>>> print(open('input-v8.cif').read())   # mmCIF, C-alpha atoms (C1' of nucleotides)
data_my_file
loop_
_atom_site.label_atom_id
_atom_site.label_comp_id
_atom_site.auth_asym_id
_atom_site.auth_seq_id
_atom_site.Cartn_x
_atom_site.Cartn_y
_atom_site.Cartn_z
CA MET D 21 20.62 10.09 -3.73
CA LYS D 22 17.08 9.61 -5.01
CA ILE D 23 14.87 7.64 -2.60
CA ALA D 24 11.36 6.58 -3.64
CA THR D 25 8.35 4.81 -2.14
CA TRP D 26 5.66 2.96 -4.05
CA ASN D 27 2.76 0.77 -2.96
CA ILE D 28 2.98 -1.51 -5.95
CA ASN D 29 -0.14 -3.62 -5.17
CA GLY D 30 1.33 -6.96 -6.23
CA VAL D 31 4.93 -7.12 -7.44
CA LYS D 32 4.21 -9.92 -9.91
CA ALA D 33 1.17 -8.20 -11.38
CA ARG D 34 3.18 -4.97 -11.66
CA LEU D 35 6.53 -6.33 -12.87
CA GLU D 36 6.44 -4.78 -16.32
CA ALA D 37 5.33 -1.37 -15.00
CA ALA D 38 7.95 -1.51 -12.26
CA LEU D 39 10.79 -2.20 -14.69
CA THR D 40 9.61 0.59 -17.00
CA TRP D 41 9.42 3.04 -14.13
CA LEU D 42 12.81 2.05 -12.68
CA LYS D 43 14.51 2.61 -16.02
CA GLU D 44 12.76 5.95 -16.45
CA ALA D 45 13.15 7.34 -12.92
CA SER D 46 16.44 5.65 -11.99
CA PRO D 47 15.96 5.87 -8.20
CA ASP D 48 18.89 4.81 -6.01
CA VAL D 49 16.63 3.29 -3.36
CA VAL D 50 13.01 2.14 -3.72
CA CYS D 51 10.74 1.20 -0.84
CA LEU D 52 7.94 -1.09 -1.99
CA GLN D 53 4.75 -2.01 -0.16
CA GLU D 54 2.03 -4.59 -0.74
CA VAL D 55 4.32 -6.80 -2.78
CA LYS D 56 1.89 -9.66 -1.95
CA SER D 57 4.55 -12.31 -2.39
CA VAL D 58 6.62 -14.61 -0.23
CA ASP D 59 10.37 -14.02 -0.45
CA GLU D 60 10.90 -17.07 -2.70
CA GLY D 61 8.22 -15.88 -5.13
CA PHE D 62 9.66 -12.38 -5.53
CA PRO D 63 10.84 -11.84 -9.14
CA ALA D 64 14.37 -11.08 -7.98
CA ASP D 65 16.14 -11.87 -11.26
CA ALA D 66 14.24 -9.21 -13.19
CA PHE D 67 15.29 -6.49 -10.74
CA GLU D 68 18.84 -7.75 -10.32
CA SER D 69 19.32 -7.84 -14.09
CA ILE D 70 18.80 -4.06 -14.23
CA GLY D 71 21.19 -3.39 -11.38
CA TYR D 72 19.15 -3.51 -8.17
CA ASN D 73 19.92 -5.29 -4.92
CA LEU D 74 16.99 -6.70 -3.04
CA ALA D 75 15.88 -6.94 0.60
CA VAL D 76 12.43 -8.47 1.07
CA HIS D 77 10.08 -9.14 3.96
CA GLY D 78 7.38 -11.13 2.25
CA GLN D 79 4.09 -12.72 3.24
CA LYS D 80 1.69 -15.02 1.43
CA GLY D 81 -1.13 -13.22 -0.33
CA PHE D 82 -1.15 -9.93 1.56
CA ASN D 83 1.12 -7.16 2.78
CA GLY D 84 4.85 -7.60 2.17
CA VAL D 85 7.51 -4.88 1.91
CA ALA D 86 10.86 -4.62 0.17
CA ILE D 87 13.79 -2.31 -0.48
CA LEU D 88 15.43 -2.21 -3.91
CA SER D 89 18.77 -0.41 -4.10
CA LYS D 90 21.64 0.20 -6.48
CA GLN D 91 24.02 -0.09 -3.53
CA ARG D 92 24.18 -3.17 -1.34
CA PRO D 93 21.98 -2.76 1.76
CA GLU D 94 23.67 -3.16 5.15
CA ASP D 95 22.22 -4.18 8.50
CA VAL D 96 18.86 -5.23 7.07
CA ARG D 97 16.19 -5.58 9.76
CA ARG D 98 12.73 -7.04 9.32
CA ARG D 99 9.69 -6.60 11.60
CA LEU D 100 8.70 -3.55 13.61
CA PRO D 101 9.89 -3.99 17.22
CA GLY D 102 7.47 -3.99 20.13
CA ASN D 103 5.17 -6.95 19.47
CA ASP D 104 6.69 -10.36 18.80
CA GLY D 105 3.23 -11.77 18.08
CA ASP D 106 2.70 -9.48 15.09
CA GLU D 107 3.03 -11.74 12.01
CA GLN D 108 2.11 -9.11 9.40
CA ALA D 109 4.99 -8.21 7.06
CA ARG D 110 4.84 -4.41 7.11
CA PHE D 111 8.34 -3.20 8.00
CA ILE D 112 11.88 -3.51 6.69
CA GLU D 113 14.85 -1.19 7.18
CA ALA D 114 18.45 -0.97 5.98
CA THR D 115 21.50 1.29 6.05
CA PHE D 116 23.47 2.51 3.03
CA SER D 117 27.03 3.83 3.14
CA VAL D 118 27.51 7.26 1.61
CA GLY D 119 31.04 8.60 1.49
CA ARG D 120 32.26 8.54 5.10
CA GLY D 121 28.71 8.55 6.45
CA ALA D 122 25.46 6.64 6.01
CA VAL D 123 21.76 7.03 5.30
CA HIS D 124 19.12 4.85 6.96
CA VAL D 125 15.96 3.91 5.06
CA VAL D 126 12.72 2.34 6.33
CA SER D 127 10.04 0.84 4.07
CA LEU D 128 6.73 0.69 5.94
CA TYR D 129 3.18 -0.40 5.20
CA LEU D 130 1.03 1.03 7.96
CA PRO D 131 -2.24 -0.84 8.64
CA ASN D 132 -5.37 0.47 6.95
CA GLY D 133 -7.40 0.18 10.18
CA ASN D 134 -10.93 -0.02 8.78
CA PRO D 135 -13.54 -0.33 10.04
CA VAL D 136 -13.14 2.16 12.88
CA GLY D 137 -14.09 0.73 16.26
CA THR D 138 -12.83 -2.79 15.51
CA GLU D 139 -9.62 -4.58 16.48
CA LYS D 140 -8.27 -3.55 13.08
CA PHE D 141 -8.35 0.10 14.11
CA ALA D 142 -6.79 -0.75 17.48
CA TYR D 143 -4.04 -2.63 15.60
CA LYS D 144 -3.41 0.46 13.44
CA LEU D 145 -3.04 2.76 16.45
CA GLY D 146 -0.86 0.23 18.29
CA TRP D 147 1.33 -0.11 15.21
CA MET D 148 1.68 3.68 15.00
CA GLN D 149 2.74 3.79 18.65
CA ARG D 150 5.40 1.13 18.03
CA PHE D 151 6.51 2.97 14.90
CA GLU D 152 6.84 6.23 16.81
CA ALA D 153 9.16 4.50 19.28
CA ARG D 154 11.37 3.21 16.44
CA ALA D 155 11.32 6.63 14.73
CA HIS D 156 12.44 8.21 17.98
CA GLU D 157 15.31 5.73 18.38
CA LEU D 158 16.52 6.45 14.86
CA LEU D 159 16.81 10.19 15.58
CA ALA D 160 19.55 9.41 18.07
CA LEU D 161 21.77 8.22 15.20
CA GLU D 162 21.97 11.86 14.07
CA ILE D 163 22.28 10.80 10.43
CA PRO D 164 19.95 11.20 7.44
CA VAL D 165 16.95 8.90 8.04
CA VAL D 166 14.09 8.42 5.56
CA LEU D 167 10.87 6.77 6.76
CA ALA D 168 9.16 5.94 3.47
CA GLY D 169 5.95 4.13 2.77
CA ASP D 170 2.20 3.82 2.64
CA TYR D 171 1.14 5.43 5.93
CA ASN D 172 -2.59 5.00 5.32
CA VAL D 173 -3.02 8.43 6.93
CA ILE D 174 -4.50 11.53 5.29
CA PRO D 175 -2.68 14.17 7.36
CA GLU D 176 -4.89 17.18 6.59
CA PRO D 177 -8.11 18.11 4.72
CA ARG D 178 -6.06 19.50 1.82
CA ASP D 179 -4.63 16.00 1.33
CA ALA D 180 -7.97 14.76 -0.05
CA LYS D 181 -10.02 15.95 -3.00
CA ARG D 182 -13.17 15.33 -0.98
CA PRO D 183 -12.21 15.33 2.70
CA ASP D 184 -15.83 15.03 3.81
CA VAL D 185 -16.22 11.48 2.47
CA TRP D 186 -13.24 10.32 4.59
CA LEU D 187 -14.54 11.64 7.90
CA ASN D 188 -15.58 8.20 9.16
CA ASP D 189 -12.62 6.38 7.64
CA ALA D 190 -9.65 5.07 9.63
CA LEU D 191 -7.29 7.02 7.33
CA PHE D 192 -8.71 10.36 8.48
CA GLN D 193 -9.64 9.73 12.12
CA PRO D 194 -8.46 12.30 14.69
CA GLU D 195 -6.44 9.52 16.42
CA SER D 196 -4.68 8.56 13.17
CA ARG D 197 -3.90 12.19 12.36
CA ALA D 198 -2.67 12.85 15.92
CA ALA D 199 -0.31 9.85 15.71
CA TRP D 200 1.01 11.27 12.42
CA ARG D 201 1.54 14.68 14.05
CA ARG D 202 3.51 13.05 16.87
CA LEU D 203 6.02 11.91 14.22
CA ILE D 204 6.26 15.48 12.96
CA HIS D 205 6.66 16.78 16.51
CA LEU D 206 9.56 14.37 17.07
CA GLY D 207 11.37 16.38 14.42
CA TYR D 208 10.57 14.64 11.13
CA THR D 209 9.76 16.60 7.98
CA ASP D 210 7.05 15.63 5.47
CA ALA D 211 9.23 15.70 2.33
CA THR D 212 6.43 16.15 -0.22
CA ARG D 213 4.86 19.04 1.70
CA ALA D 214 8.25 20.69 2.20
CA GLY D 215 8.70 20.58 -1.57
CA ASP D 216 5.17 21.50 -2.63
CA PRO D 217 2.79 23.17 -0.19
CA ALA D 218 -0.02 23.29 -2.76
CA ALA D 219 -3.23 21.32 -2.47
CA ASP D 220 -4.19 18.71 -5.08
CA VAL D 221 -1.08 16.58 -4.55
CA TYR D 222 -2.36 13.01 -4.30
CA THR D 223 -0.68 9.60 -4.32
CA PHE D 224 -3.68 7.24 -4.39
CA TRP D 225 -6.76 7.04 -6.57
CA ASP D 226 -9.27 4.22 -6.03
CA TYR D 227 -9.84 1.77 -8.86
CA GLN D 228 -13.57 2.26 -8.44
CA ALA D 229 -16.09 4.87 -9.53
CA GLY D 230 -13.72 6.63 -11.94
CA ALA D 231 -11.69 8.16 -9.12
CA TRP D 232 -8.61 8.68 -11.33
CA GLN D 233 -10.56 10.34 -14.14
CA LYS D 234 -12.10 12.75 -11.60
CA ASN D 235 -8.77 13.28 -9.78
CA ASP D 236 -10.63 12.09 -6.68
CA GLY D 237 -7.43 11.22 -4.83
CA ILE D 238 -5.81 11.25 -1.41
CA ARG D 239 -2.22 11.75 -0.22
CA ILE D 240 -1.28 8.80 1.97
CA ASP D 241 2.20 7.79 0.72
CA HIS D 242 4.82 9.78 2.57
CA LEU D 243 8.56 10.21 3.12
CA LEU D 244 9.46 11.53 6.56
CA LEU D 245 12.95 13.02 6.85
CA SER D 246 15.12 13.28 9.95
CA PRO D 247 16.64 16.77 10.44
CA GLN D 248 19.91 15.60 8.88
CA ALA D 249 18.02 14.36 5.82
CA ALA D 250 15.79 17.46 5.60
CA ASP D 251 18.92 19.65 5.59
CA ARG D 252 20.00 17.88 2.41
CA ARG D 253 16.69 17.76 0.55
CA VAL D 254 17.10 19.18 -2.96
CA ALA D 255 13.99 17.90 -4.79
CA THR D 256 10.72 16.02 -4.31
CA GLY D 257 8.19 14.57 -6.68
CA VAL D 258 5.10 12.45 -7.27
CA ASP D 259 5.21 10.36 -10.46
CA LYS D 260 1.51 10.82 -11.11
CA HIS D 261 1.70 9.81 -14.77
CA VAL D 262 2.30 6.19 -13.76
CA ARG D 263 -1.35 5.97 -12.64
CA ALA D 264 -2.44 6.36 -16.29
CA TRP D 265 -0.39 3.38 -17.45
CA GLU D 266 -1.83 0.03 -18.43
CA LYS D 267 -2.67 -2.17 -15.41
CA PRO D 268 -1.62 0.48 -12.87
CA SER D 269 -1.29 0.19 -9.12
CA ASP D 270 -3.82 2.39 -7.30
CA HIS D 271 -0.81 4.19 -5.73
CA VAL D 272 1.95 6.07 -7.58
CA PRO D 273 5.68 6.46 -6.76
CA VAL D 274 6.68 9.36 -4.51
CA TRP D 275 10.31 10.41 -4.17
CA VAL D 276 12.83 12.72 -2.57
CA GLU D 277 16.35 13.57 -3.67
CA LEU D 278 19.01 14.22 -1.02
CA ALA D 279 22.43 15.76 -1.64
CA LEU D 280 24.60 13.30 0.29
CA ASP D 281 28.29 12.62 0.04
"C1'" DA C 6 -27.33 2.23 1.49
"C1'" DT C 7 -24.39 -0.39 -1.45
"C1'" DG C 8 -21.33 -1.40 -5.14
"C1'" DC C 9 -18.31 0.47 -7.94
"C1'" DC C 10 -12.25 -2.44 -9.20
"C1'" DT C 11 -8.04 -5.25 -8.44
"C1'" DT C 12 -5.01 -8.85 -6.50
"C1'" DG C 13 -3.95 -13.35 -4.78
"C1'" DT C 14 -5.55 -17.84 -3.22
"C1'" DC C 15 -7.11 -21.66 -4.82
"C1'" DG C 16 -11.75 -21.85 -6.67
"C1'" DC C 17 -15.23 -22.56 -9.75
"C1'" DA C 18 -16.11 -17.25 -4.97
"C1'" DC C 19 -13.79 -15.17 -1.51
"C1'" DA C 20 -11.09 -11.69 1.62
"C1'" DA C 21 -8.81 -7.38 1.79
"C1'" DG C 22 -7.77 -3.19 0.24
"C1'" DA C 23 -8.80 2.38 1.04
#
>>> encode(input="input-v8.cif", output="structure tokens")
Amino acid sequence: MKIATWNINGVKARLEAALTWLKEASPDVVCLQEVKSVDEGFPADAFESIGYNLAVHGQKGFNGVAILSKQRPEDVRRRLPGNDGDEQARFIEATFSVGRGAVHVVSLYLPNGNPVGTEKFAYKLGWMQRFEARAHELLALEIPVVLAGDYNVIPEPRDAKRPDVWLNDALFQPESRAAWRRLIHLGYTDATRAGDPAADVYTFWDYQAGAWQKNDGIRIDHLLLSPQAADRRVATGVDKHVRAWEKPSDHVPVWVELALD
DNA sequence: ATGCCTTGTCGCACAAGA
């Protein structure tokens, strides 16, 4: 089962690219972030016509997450638990039957958190704490779990072409990186790193200042695997070529393939 | 030091992104 994550930066603006990529990559499950659409505005027909089911948690103008899947999603849940007052659409999860078992998939869009020292950064850290609690709960299922999305965290210096310019950014703060490490310490595996320990693996290149042309990127889109998922990991990849397409998102798809049955 | 681009919302610029 091939499971991918992609911050699409506007599902309507990216529809043509998304359909091209889906046909080319043929993922079984796709976690989307920043769809920037309410549920009713989501171009569902286009995805359904090429064989994908749809679970959306939309929001007007900003944020918004979704899960596309060849199989029908079960037990779809929207909203990250732990703060009923949080209106930002950044979390959706679903279960998929596989043989006699199941795999659980989360699509998450972690807050950016800039500027540091504001309530936006506090919201990011609070969100990460709530997410850690949910990640911990999911381990108790003892099944393959994939936490996929835009984490807005640069885990280590090697995950940025120029780590020095990110030192004062919310994505690279010690608190953000420590919260990321707590997820690892729970027992989750960074799928991309497990598959490719080399530097220079990036998933985001800014639209500005020729970042793509200079390969001035960062790695912030991640798939975290529960032990039962990590046991079954057979391949990982970053579809970097998509960044060179016409009208690209600033993020590219990242994926993992699990041998499940 | 700041903008550099891009999207969506309405608007005839702006917020937010990272």
>>> closest_residue(input="input-v8.cif", among="D:Asn103, D:Ser57, D:Gln108, D:Ser69", to="DT14 in chain C", atoms="only C-alpha atoms (C1' of nucleotides)")
D:Ser57
>>> interface_residues(input="input-v8.cif", of="chain C", to="chain D", cutoff="10 Å", atoms="all atoms listed in the file", output="JSON, numbers by chain")
{"C": [8, 9, 10, 11, 12, 13, 14, 21, 22, 23]}
>>> residues_near_point(input="input-v8.cif", point="(10.1, -15.1, 3.3)", cutoff="10 Å", atoms="all atoms listed in the file", output="compact mmCIF listing (two decimals) with C-alpha atoms, in the coordinates of the input")
# COMPACT_ATOMS: atom_id res chain seq x y z
CA SER D 57 4.55 -12.31 -2.39
CA VAL D 58 6.62 -14.61 -0.23
CA ASP D 59 10.37 -14.02 -0.45
CA GLU D 60 10.90 -17.07 -2.70
CA GLY D 61 8.22 -15.88 -5.13
CA PHE D 62 9.66 -12.38 -5.53
CA VAL D 76 12.43 -8.47 1.07
CA HIS D 77 10.08 -9.14 3.96
CA GLY D 78 7.38 -11.13 2.25
CA GLN D 79 4.09 -12.72 3.24
CA LYS D 80 1.69 -15.02 1.43
CA GLY D 84 4.85 -7.60 2.17
CA ALA D 109 4.99 -8.21 7.06
>>> residues_around(input="input-v8.cif", residues="Leu278 in chain D", least_positions_apart="6", cutoff="12 Å", atoms="only C-alpha atoms (C1' of nucleotides)", output="list in words")
Met21, Lys22, Ile23, Ala24, Pro47, Asp48, Val49, Val118, Val123, Pro164, Val165, Val166, Ala211, Leu243, Leu245, Ser246, Pro247, Gln248, Ala249, Ala250, Asp251, Arg252, Arg253, Val254, Ala255 and Thr256 of chain D
>>> write_last_selection(input="input-v8.cif", atoms="C-alpha atoms", output="PDB file, in the coordinates of the input")
ATOM      1  CA  MET D  21      20.620  10.090  -3.730  1.00  0.00           C
ATOM      2  CA  LYS D  22      17.080   9.610  -5.010  1.00  0.00           C
ATOM      3  CA  ILE D  23      14.870   7.640  -2.600  1.00  0.00           C
ATOM      4  CA  ALA D  24      11.360   6.580  -3.640  1.00  0.00           C
ATOM      5  CA  PRO D  47      15.960   5.870  -8.200  1.00  0.00           C
ATOM      6  CA  ASP D  48      18.890   4.810  -6.010  1.00  0.00           C
ATOM      7  CA  VAL D  49      16.630   3.290  -3.360  1.00  0.00           C
ATOM      8  CA  VAL D 118      27.510   7.260   1.610  1.00  0.00           C
ATOM      9  CA  VAL D 123      21.760   7.030   5.300  1.00  0.00           C
ATOM     10  CA  PRO D 164      19.950  11.200   7.440  1.00  0.00           C
ATOM     11  CA  VAL D 165      16.950   8.900   8.040  1.00  0.00           C
ATOM     12  CA  VAL D 166      14.090   8.420   5.560  1.00  0.00           C
ATOM     13  CA  ALA D 211       9.230  15.700   2.330  1.00  0.00           C
ATOM     14  CA  LEU D 243       8.560  10.210   3.120  1.00  0.00           C
ATOM     15  CA  LEU D 245      12.950  13.020   6.850  1.00  0.00           C
ATOM     16  CA  SER D 246      15.120  13.280   9.950  1.00  0.00           C
ATOM     17  CA  PRO D 247      16.640  16.770  10.440  1.00  0.00           C
ATOM     18  CA  GLN D 248      19.910  15.600   8.880  1.00  0.00           C
ATOM     19  CA  ALA D 249      18.020  14.360   5.820  1.00  0.00           C
ATOM     20  CA  ALA D 250      15.790  17.460   5.600  1.00  0.00           C
ATOM     21  CA  ASP D 251      18.920  19.650   5.590  1.00  0.00           C
ATOM     22  CA  ARG D 252      20.000  17.880   2.410  1.00  0.00           C
ATOM     23  CA  ARG D 253      16.690  17.760   0.550  1.00  0.00           C
ATOM     24  CA  VAL D 254      17.100  19.180  -2.960  1.00  0.00           C
ATOM     25  CA  ALA D 255      13.990  17.900  -4.790  1.00  0.00           C
ATOM     26  CA  THR D 256      10.720  16.020  -4.310  1.00  0.00           C
TER      27      THR D 256
END
>>> resolve_selection(input="input-v8.cif", expression="the PyMOL selection byres ((chain D and resi 72) around 8)", output="PyMOL selection string")
chain D and resi 67-71+73-74+88-91
>>> write_last_selection(input="input-v8.cif", atoms="C-alpha atoms", output="CSV table (one decimal), keeping the file's coordinate frame")
chain,number,residue,atom,x,y,z
D,67,PHE,CA,15.3,-6.5,-10.7
D,68,GLU,CA,18.8,-7.8,-10.3
D,69,SER,CA,19.3,-7.8,-14.1
D,70,ILE,CA,18.8,-4.1,-14.2
D,71,GLY,CA,21.2,-3.4,-11.4
D,73,ASN,CA,19.9,-5.3,-4.9
D,74,LEU,CA,17.0,-6.7,-3.0
D,88,LEU,CA,15.4,-2.2,-3.9
D,89,SER,CA,18.8,-0.4,-4.1
D,90,LYS,CA,21.6,0.2,-6.5
D,91,GLN,CA,24.0,-0.1,-3.5
>>> atom_distance(input="input-v8.cif", atom1="CA of Leu128 in chain D", atom2="CA of Asp184 in chain D")
26.8 Å
>>> resolve_selection(input="input-v8.cif", expression="the PyMOL selection byres ((chain D and resi 98) around 6)", output="list in words")
Arg97, Arg99, Phe111 and Ile112 of chain D
>>> atom_distance(input="input-v8.cif", atom1="CA of Ser46 in chain D", atom2="CA of Leu161 in chain D")
27.8 Å
>>> axis_aligned_box(input="input-v8.cif", around="range 6-12 of chain C", padding_each_side="3 Å", output="AutoDock Vina command-line options")
--center_x -16.2 --center_y -3.3 --center_z -3.9 --size_x 28.3 --size_y 17.1 --size_z 16.7
>>> atom_distance(input="input-v8.cif", atom1="CA of Gln53 in chain D", atom2="CA of Glu176 in chain D")
22.5 Å
>>> closest_residue(input="input-v8.cif", among="D:Ala37, D:Val126, D:Val85, D:Ala219", to="Arg110 in chain D", atoms="only C-alpha atoms")
D:Val85
>>> closest_residue(input="input-v8.cif", among="D:Asp65, D:Asp216, D:Asp95, D:Asp106", to="Trp147 in chain D", atoms="only C-alpha atoms")
D:Asp106
>>> resolve_selection(input="input-v8.cif", expression="the PyMOL selection byres ((chain D and resi 242) around 8)", output="list in words")
Thr25, Leu167, Ala168, Gly169, Asp170, Tyr171, Asp210, Ala211, Thr212, Arg239, Ile240, Asp241, Leu243, Leu244 and Val274 of chain D
